[in-house]
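What follows is final06.cif (mmCIF, C-alpha atoms).
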```
data_work
#
loop_
_atom_site.group_PDB
_atom_site.id
_atom_site.type_symbol
_atom_site.label_atom_id
_atom_site.label_comp_id
_atom_site.auth_asym_id
_atom_site.auth_seq_id
_atom_site.Cartn_x
_atom_site.Cartn_y
_atom_site.Cartn_z
ATOM 1 C CA MET A 12 0.000 0.000 0.000
ATOM 2 C CA SER A 13 1.409 3.421 -0.923
ATOM 3 C CA ARG A 14 2.188 5.978 1.749
ATOM 4 C CA ARG A 15 -0.389 8.336 0.279
ATOM 5 C CA LEU A 16 -3.094 5.687 0.704
ATOM 6 C CA ILE A 17 -1.928 5.016 4.244
ATOM 7 C CA ARG A 18 -2.153 8.737 4.991
ATOM 8 C CA GLY A 19 -5.641 8.857 3.461
ATOM 9 C CA PHE A 20 -6.743 5.849 5.522
ATOM 10 C CA THR A 21 -5.274 7.420 8.666
ATOM 11 C CA LEU A 22 -7.011 10.742 8.120
ATOM 12 C CA LYS A 23 -10.369 9.549 6.789
ATOM 13 C CA PHE A 24 -10.932 6.406 8.876
ATOM 14 C CA LEU A 25 -8.617 6.252 11.882
ATOM 15 C CA TYR A 26 -9.084 9.930 12.835
ATOM 16 C CA PRO A 27 -12.907 9.714 13.144
ATOM 17 C CA LEU A 28 -12.572 6.534 15.213
ATOM 18 C CA LEU A 29 -10.110 8.202 17.548
ATOM 19 C CA MET A 30 -12.305 11.290 17.854
ATOM 20 C CA PHE A 31 -15.239 9.047 18.774
ATOM 21 C CA ALA A 32 -13.074 7.343 21.388
ATOM 22 C CA GLY A 33 -11.957 10.791 22.548
ATOM 23 C CA SER A 34 -15.570 11.848 23.021
ATOM 24 C CA LEU A 35 -15.978 8.939 25.411
ATOM 25 C CA ALA A 36 -12.691 9.598 27.229
ATOM 26 C CA LYS A 37 -12.343 13.371 27.007
ATOM 27 C CA ASN A 38 -9.017 13.418 28.831
ATOM 28 C CA ARG A 39 -7.494 11.503 25.893
ATOM 29 C CA LYS A 40 -8.905 13.468 22.954
ATOM 30 C CA GLU A 41 -5.976 15.898 22.705
ATOM 31 C CA ARG A 42 -3.526 12.991 22.918
ATOM 32 C CA TYR A 43 -5.334 11.266 20.011
ATOM 33 C CA GLN A 44 -5.252 14.483 17.986
ATOM 34 C CA ARG A 45 -1.516 14.835 18.652
ATOM 35 C CA PHE A 46 -1.028 11.213 17.548
ATOM 36 C CA ILE A 47 -2.792 11.916 14.219
ATOM 37 C CA ILE A 48 -0.715 15.077 13.654
ATOM 38 C CA ASP A 49 2.536 13.237 14.366
ATOM 39 C CA LEU A 50 1.570 10.268 12.200
ATOM 40 C CA ASN A 51 0.541 12.584 9.352
ATOM 41 C CA ASN A 52 3.856 14.456 9.621
ATOM 42 C CA ARG A 53 5.830 11.195 9.459
ATOM 43 C CA LEU A 54 3.887 10.004 6.417
ATOM 44 C CA VAL A 55 4.234 13.347 4.608
ATOM 45 C CA ARG A 56 8.003 13.322 5.243
ATOM 46 C CA LYS A 57 8.360 9.860 3.700
ATOM 47 C CA GLU A 58 7.080 11.094 0.337
ATOM 48 C CA LYS A 59 8.692 13.448 -2.127
ATOM 49 C CA TRP A 60 6.482 16.469 -2.676
ATOM 50 C CA ARG A 61 6.957 18.979 -5.467
ATOM 51 C CA SER A 62 6.183 22.188 -3.630
ATOM 52 C CA GLU A 63 6.539 25.447 -5.479
ATOM 53 C CA LYS A 64 3.590 27.154 -3.790
ATOM 54 C CA ILE A 65 3.837 26.816 -0.008
ATOM 55 C CA LEU A 66 1.434 28.323 2.501
ATOM 56 C CA LEU A 67 2.513 29.118 6.050
ATOM 57 C CA LEU A 68 -0.713 29.191 8.044
ATOM 58 C CA LEU A 69 -0.704 30.659 11.552
ATOM 59 C CA PRO A 70 -3.277 31.126 14.324
ATOM 60 C CA HIS A 71 -4.155 34.656 15.419
ATOM 61 C CA CYS A 72 -3.392 33.727 19.036
ATOM 62 C CA LEU A 73 0.357 33.993 18.318
ATOM 63 C CA GLN A 74 -0.156 37.753 18.417
ATOM 64 C CA ARG A 75 0.138 39.347 21.854
ATOM 65 C CA LYS A 76 -3.225 40.385 23.269
ATOM 66 C CA GLU A 77 -1.827 43.830 24.135
ATOM 67 C CA CYS A 78 -0.973 44.568 20.502
ATOM 68 C CA ASP A 79 -2.853 47.539 19.002
ATOM 69 C CA VAL A 80 -2.683 46.218 15.440
ATOM 70 C CA ARG A 81 -5.098 43.471 14.408
ATOM 71 C CA LEU A 82 -3.346 41.140 11.999
ATOM 72 C CA THR A 83 -6.287 39.025 10.947
ATOM 73 C CA TYR A 84 -6.573 39.004 7.146
ATOM 74 C CA ASN A 85 -3.331 40.982 6.680
ATOM 75 C CA ILE A 86 -0.373 39.821 8.712
ATOM 76 C CA TYR A 87 1.820 42.410 6.996
ATOM 77 C CA ASN A 88 0.153 45.125 9.099
ATOM 78 C CA CYS A 89 2.482 43.912 11.865
ATOM 79 C CA LYS A 90 4.730 46.677 13.246
ATOM 80 C CA ARG A 91 7.459 44.047 13.822
ATOM 81 C CA CYS A 92 8.130 45.220 17.361
ATOM 82 C CA GLY A 93 9.473 41.809 18.380
ATOM 83 C CA LYS A 94 7.162 41.278 21.368
ATOM 84 C CA CYS A 95 5.772 38.139 19.719
ATOM 85 C CA GLU A 96 7.028 35.694 17.113
ATOM 86 C CA ILE A 97 5.039 37.193 14.226
ATOM 87 C CA LYS A 98 8.019 39.355 13.174
ATOM 88 C CA ASP A 99 10.231 36.275 12.846
ATOM 89 C CA LEU A 100 7.567 34.332 10.959
ATOM 90 C CA ILE A 101 7.087 37.169 8.468
ATOM 91 C CA GLN A 102 10.842 37.241 7.908
ATOM 92 C CA ILE A 103 10.934 33.452 7.324
ATOM 93 C CA ALA A 104 8.077 33.719 4.805
ATOM 94 C CA GLU A 105 9.788 36.560 2.961
ATOM 95 C CA GLU A 106 13.161 34.779 2.890
ATOM 96 C CA ASN A 107 11.567 31.658 1.420
ATOM 97 C CA ASN A 108 9.139 33.500 -0.878
ATOM 98 C CA ILE A 109 6.095 31.706 0.532
ATOM 99 C CA THR A 110 2.542 32.818 1.195
ATOM 100 C CA LEU A 111 1.792 33.685 4.808
ATOM 101 C CA PHE A 112 -1.676 33.906 6.321
ATOM 102 C CA ILE A 113 -3.033 34.314 9.829
ATOM 103 C CA ALA A 114 -6.446 32.827 10.647
ATOM 104 C CA THR A 115 -8.907 33.310 13.479
ATOM 105 C CA GLY A 116 -9.886 29.646 13.498
ATOM 106 C CA GLY A 117 -10.220 26.396 11.643
ATOM 107 C CA SER A 118 -12.981 27.496 9.266
ATOM 108 C CA LEU A 119 -11.033 30.493 7.987
ATOM 109 C CA ALA A 120 -7.878 28.387 7.735
ATOM 110 C CA ARG A 121 -9.644 25.765 5.603
ATOM 111 C CA ARG A 122 -11.191 28.423 3.389
ATOM 112 C CA THR A 123 -7.753 30.005 2.923
ATOM 113 C CA VAL A 124 -6.247 26.680 1.855
ATOM 114 C CA ASN A 125 -9.100 26.162 -0.620
ATOM 115 C CA GLU A 126 -8.706 29.668 -2.077
ATOM 116 C CA ILE A 127 -4.899 29.749 -2.291
ATOM 117 C CA LYS A 128 -4.593 26.131 -3.483
ATOM 118 C CA PRO A 129 -1.022 25.615 -2.265
ATOM 119 C CA ASP A 130 1.140 22.626 -3.200
ATOM 120 C CA ALA A 131 1.979 22.208 0.500
ATOM 121 C CA VAL A 132 1.162 23.773 3.860
ATOM 122 C CA VAL A 133 3.100 24.358 7.043
ATOM 123 C CA ALA A 134 0.440 24.951 9.685
ATOM 124 C CA VAL A 135 0.688 26.075 13.294
ATOM 125 C CA ALA A 136 -2.321 25.626 15.573
ATOM 126 C CA CYS A 137 -3.689 23.820 18.603
ATOM 127 C CA GLU A 138 -4.281 20.081 18.334
ATOM 128 C CA ASN A 139 -7.994 20.481 17.675
ATOM 129 C CA ASP A 140 -7.739 22.967 14.786
ATOM 130 C CA LEU A 141 -4.616 21.354 13.370
ATOM 131 C CA SER A 142 -5.837 17.761 13.297
ATOM 132 C CA GLY A 143 -9.219 18.764 11.870
ATOM 133 C CA GLY A 144 -7.590 20.976 9.242
ATOM 134 C CA ILE A 145 -5.190 18.242 8.156
ATOM 135 C CA VAL A 146 -8.104 15.842 7.702
ATOM 136 C CA ASP A 147 -10.325 18.351 5.891
ATOM 137 C CA THR A 148 -7.671 19.449 3.378
ATOM 138 C CA TYR A 149 -6.359 15.984 2.468
ATOM 139 C CA PRO A 150 -4.655 15.152 0.039
ATOM 140 C CA ILE A 151 -2.661 18.412 0.316
ATOM 141 C CA PRO A 152 0.546 17.636 2.223
ATOM 142 C CA ILE A 153 0.550 19.469 5.528
ATOM 143 C CA LEU A 154 3.272 19.520 8.143
ATOM 144 C CA GLY A 155 1.573 20.459 11.390
ATOM 145 C CA ILE A 156 3.246 22.150 14.346
ATOM 146 C CA THR A 157 1.311 22.435 17.574
ATOM 147 C CA ASN A 158 1.548 25.767 19.319
ATOM 148 C CA GLU A 159 2.643 26.184 22.910
ATOM 149 C CA ARG A 160 -0.014 27.578 25.244
ATOM 150 C CA PRO A 161 1.661 28.892 28.401
ATOM 151 C CA PHE A 162 -1.366 31.068 29.232
ATOM 152 C CA GLY A 163 -4.032 28.595 28.151
ATOM 153 C CA PRO A 164 -5.820 28.189 24.837
ATOM 154 C CA CYS A 165 -6.105 31.053 22.343
ATOM 155 C CA LEU A 166 -4.083 33.555 24.383
ATOM 156 C CA ASP A 167 -0.520 34.690 23.711
ATOM 157 C CA THR A 168 0.536 31.321 22.319
ATOM 158 C CA LYS A 169 4.008 30.547 21.022
ATOM 159 C CA VAL A 170 5.621 28.337 18.409
ATOM 160 C CA ASP A 171 9.078 26.829 18.091
ATOM 161 C CA ILE A 172 10.513 28.912 15.230
ATOM 162 C CA SER A 173 13.163 26.278 14.470
ATOM 163 C CA ARG A 174 10.427 23.703 13.803
ATOM 164 C CA VAL A 175 8.689 26.105 11.418
ATOM 165 C CA LYS A 176 11.957 26.736 9.541
ATOM 166 C CA GLU A 177 12.678 23.021 9.325
ATOM 167 C CA ALA A 178 9.198 22.236 7.976
ATOM 168 C CA ILE A 179 9.486 24.946 5.317
ATOM 169 C CA GLU A 180 12.945 23.707 4.344
ATOM 170 C CA PHE A 181 11.533 20.205 3.886
ATOM 171 C CA PHE A 182 9.137 21.443 1.207
ATOM 172 C CA VAL A 183 11.509 24.001 -0.327
ATOM 173 C CA LYS A 184 14.495 21.678 -0.727
ATOM 174 C CA ILE A 185 12.744 18.763 -2.373
#
```
Is it possible to give me this structure as structure tokens?
Amino acid sequence: MSRRLIRGFTLKFLYPLLMFAGSLAKNRKERYQRFIIDLNNRLVRKEKWRSEKILLLLPHCLQRKECDVRLTYNIYNCKRCGKCEIKDLIQIAEENNITLFIATGGSLARRTVNEIKPDAVVAVACENDLSGGIVDTYPIPILGITNERPFGPCLDTKVDISRVKEAIEFFVKI
């Protein structure tokens, strides 16, 4: 069985089963979502993807809540003050000549992927939005990076910039 079929099976059959199990054991749902993200990432990395049009998709919660500038819909409004990681992510996107978008949630993220039609996506989000987005946009190859939530969900989250760079390099260098 090809890796692409295995990824499709994982996302279209195993994921719903795990989400059902997670609804019965709520304390395990996030762990199941993380498992799907990690498995998807491993399967994507085992294939060679021709990726000329890459989308870097970010959650709005990476922006500091104190920031005066709302970045939703146009991340390039950022003043690049350095108080959050948005400045670094814009720089990475510019250096690699990739499309960058910030979304307020899973629905907007999915719509963005459908409108832009990238060859590949590097996505940062919480387990819930990320796992659901990976499933909903299959067969597009997505490398998912879960955000860090030191202040709880959807508030001043962070991402490991080195993981974002590495994921972009994977698609760029193939």
Would you mind listing, for every residue of stretch 149-172 of chain A within 7 Å of stretch 128-143 of chain A, the two atoms forming the shortest contact and the distance between them in Å to one decimal, using all atoms listed in the file, sorted by chain and ascending residue number, as a tab-separated table?
```
residue	atom	partner	partner_atom	distance
A:Ile151	CA	A:Ala131	CA	6.0
A:Pro152	CA	A:Ala131	CA	5.1
A:Ile153	CA	A:Val132	CA	4.7
A:Leu154	CA	A:Val133	CA	5.0
A:Gly155	CA	A:Ala134	CA	4.9
A:Ile156	CA	A:Val135	CA	4.8
A:Thr157	CA	A:Ala136	CA	5.2
A:Asn158	CA	A:Ala136	CA	5.4
```
Spatial sel., origin (3.3, 33.4, 6.0), limit 12 Å, only C-alpha atoms, listed as a ChimeraX atom specification: /A:64-70,82,84-87,96-114,123,132-135,175-176,179
Residues returned when the PyMOL selection byres ((chain A and resi 12-28) around 8) runs on this file, as an MDAnalysis selection string: chainID A and resid 29:32 44 47 51 54:55 57:58 145:146 149:150
Between atom CA of A:Ile127 and atom CA of A:Val183, distance in Å (one decimal):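 That distance, rounded to one decimal, is 17.5 Å.
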Answer as a ChimeraX atom specification, residues within 10 Å of (2.1, 30.6, 23.5) using only C-alpha atoms: /A:72-75,95-96,158-171
Separation of atom CA of A:Gly117 from atom CA of A:Arg45 in Å: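 Result for atom CA of A:Arg45 versus atom CA of A:Gly117: 16.1 Å, one decimal.
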For atom CA of A:Ile48 and atom CA of A:Gly33, the interatomic separation in Å (one decimal):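 So the two atoms, atom CA of A:Ile48 and atom CA of A:Gly33, lie 15.0 Å apart.
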Best match for closeness to A:Glu63 among A:Gly116, A:Arg122, A:Cys78, A:Lys184, counting only C-alpha atoms: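 Answer, going by the shortest atom-to-atom distance: A:Lys184.
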Counting only C-alpha atoms, the option among A:Arg56, A:Asp147, A:Leu50, A:Thr115 closest to A:Glu177: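 So, comparing all the options, the nearest one is A:Arg56.
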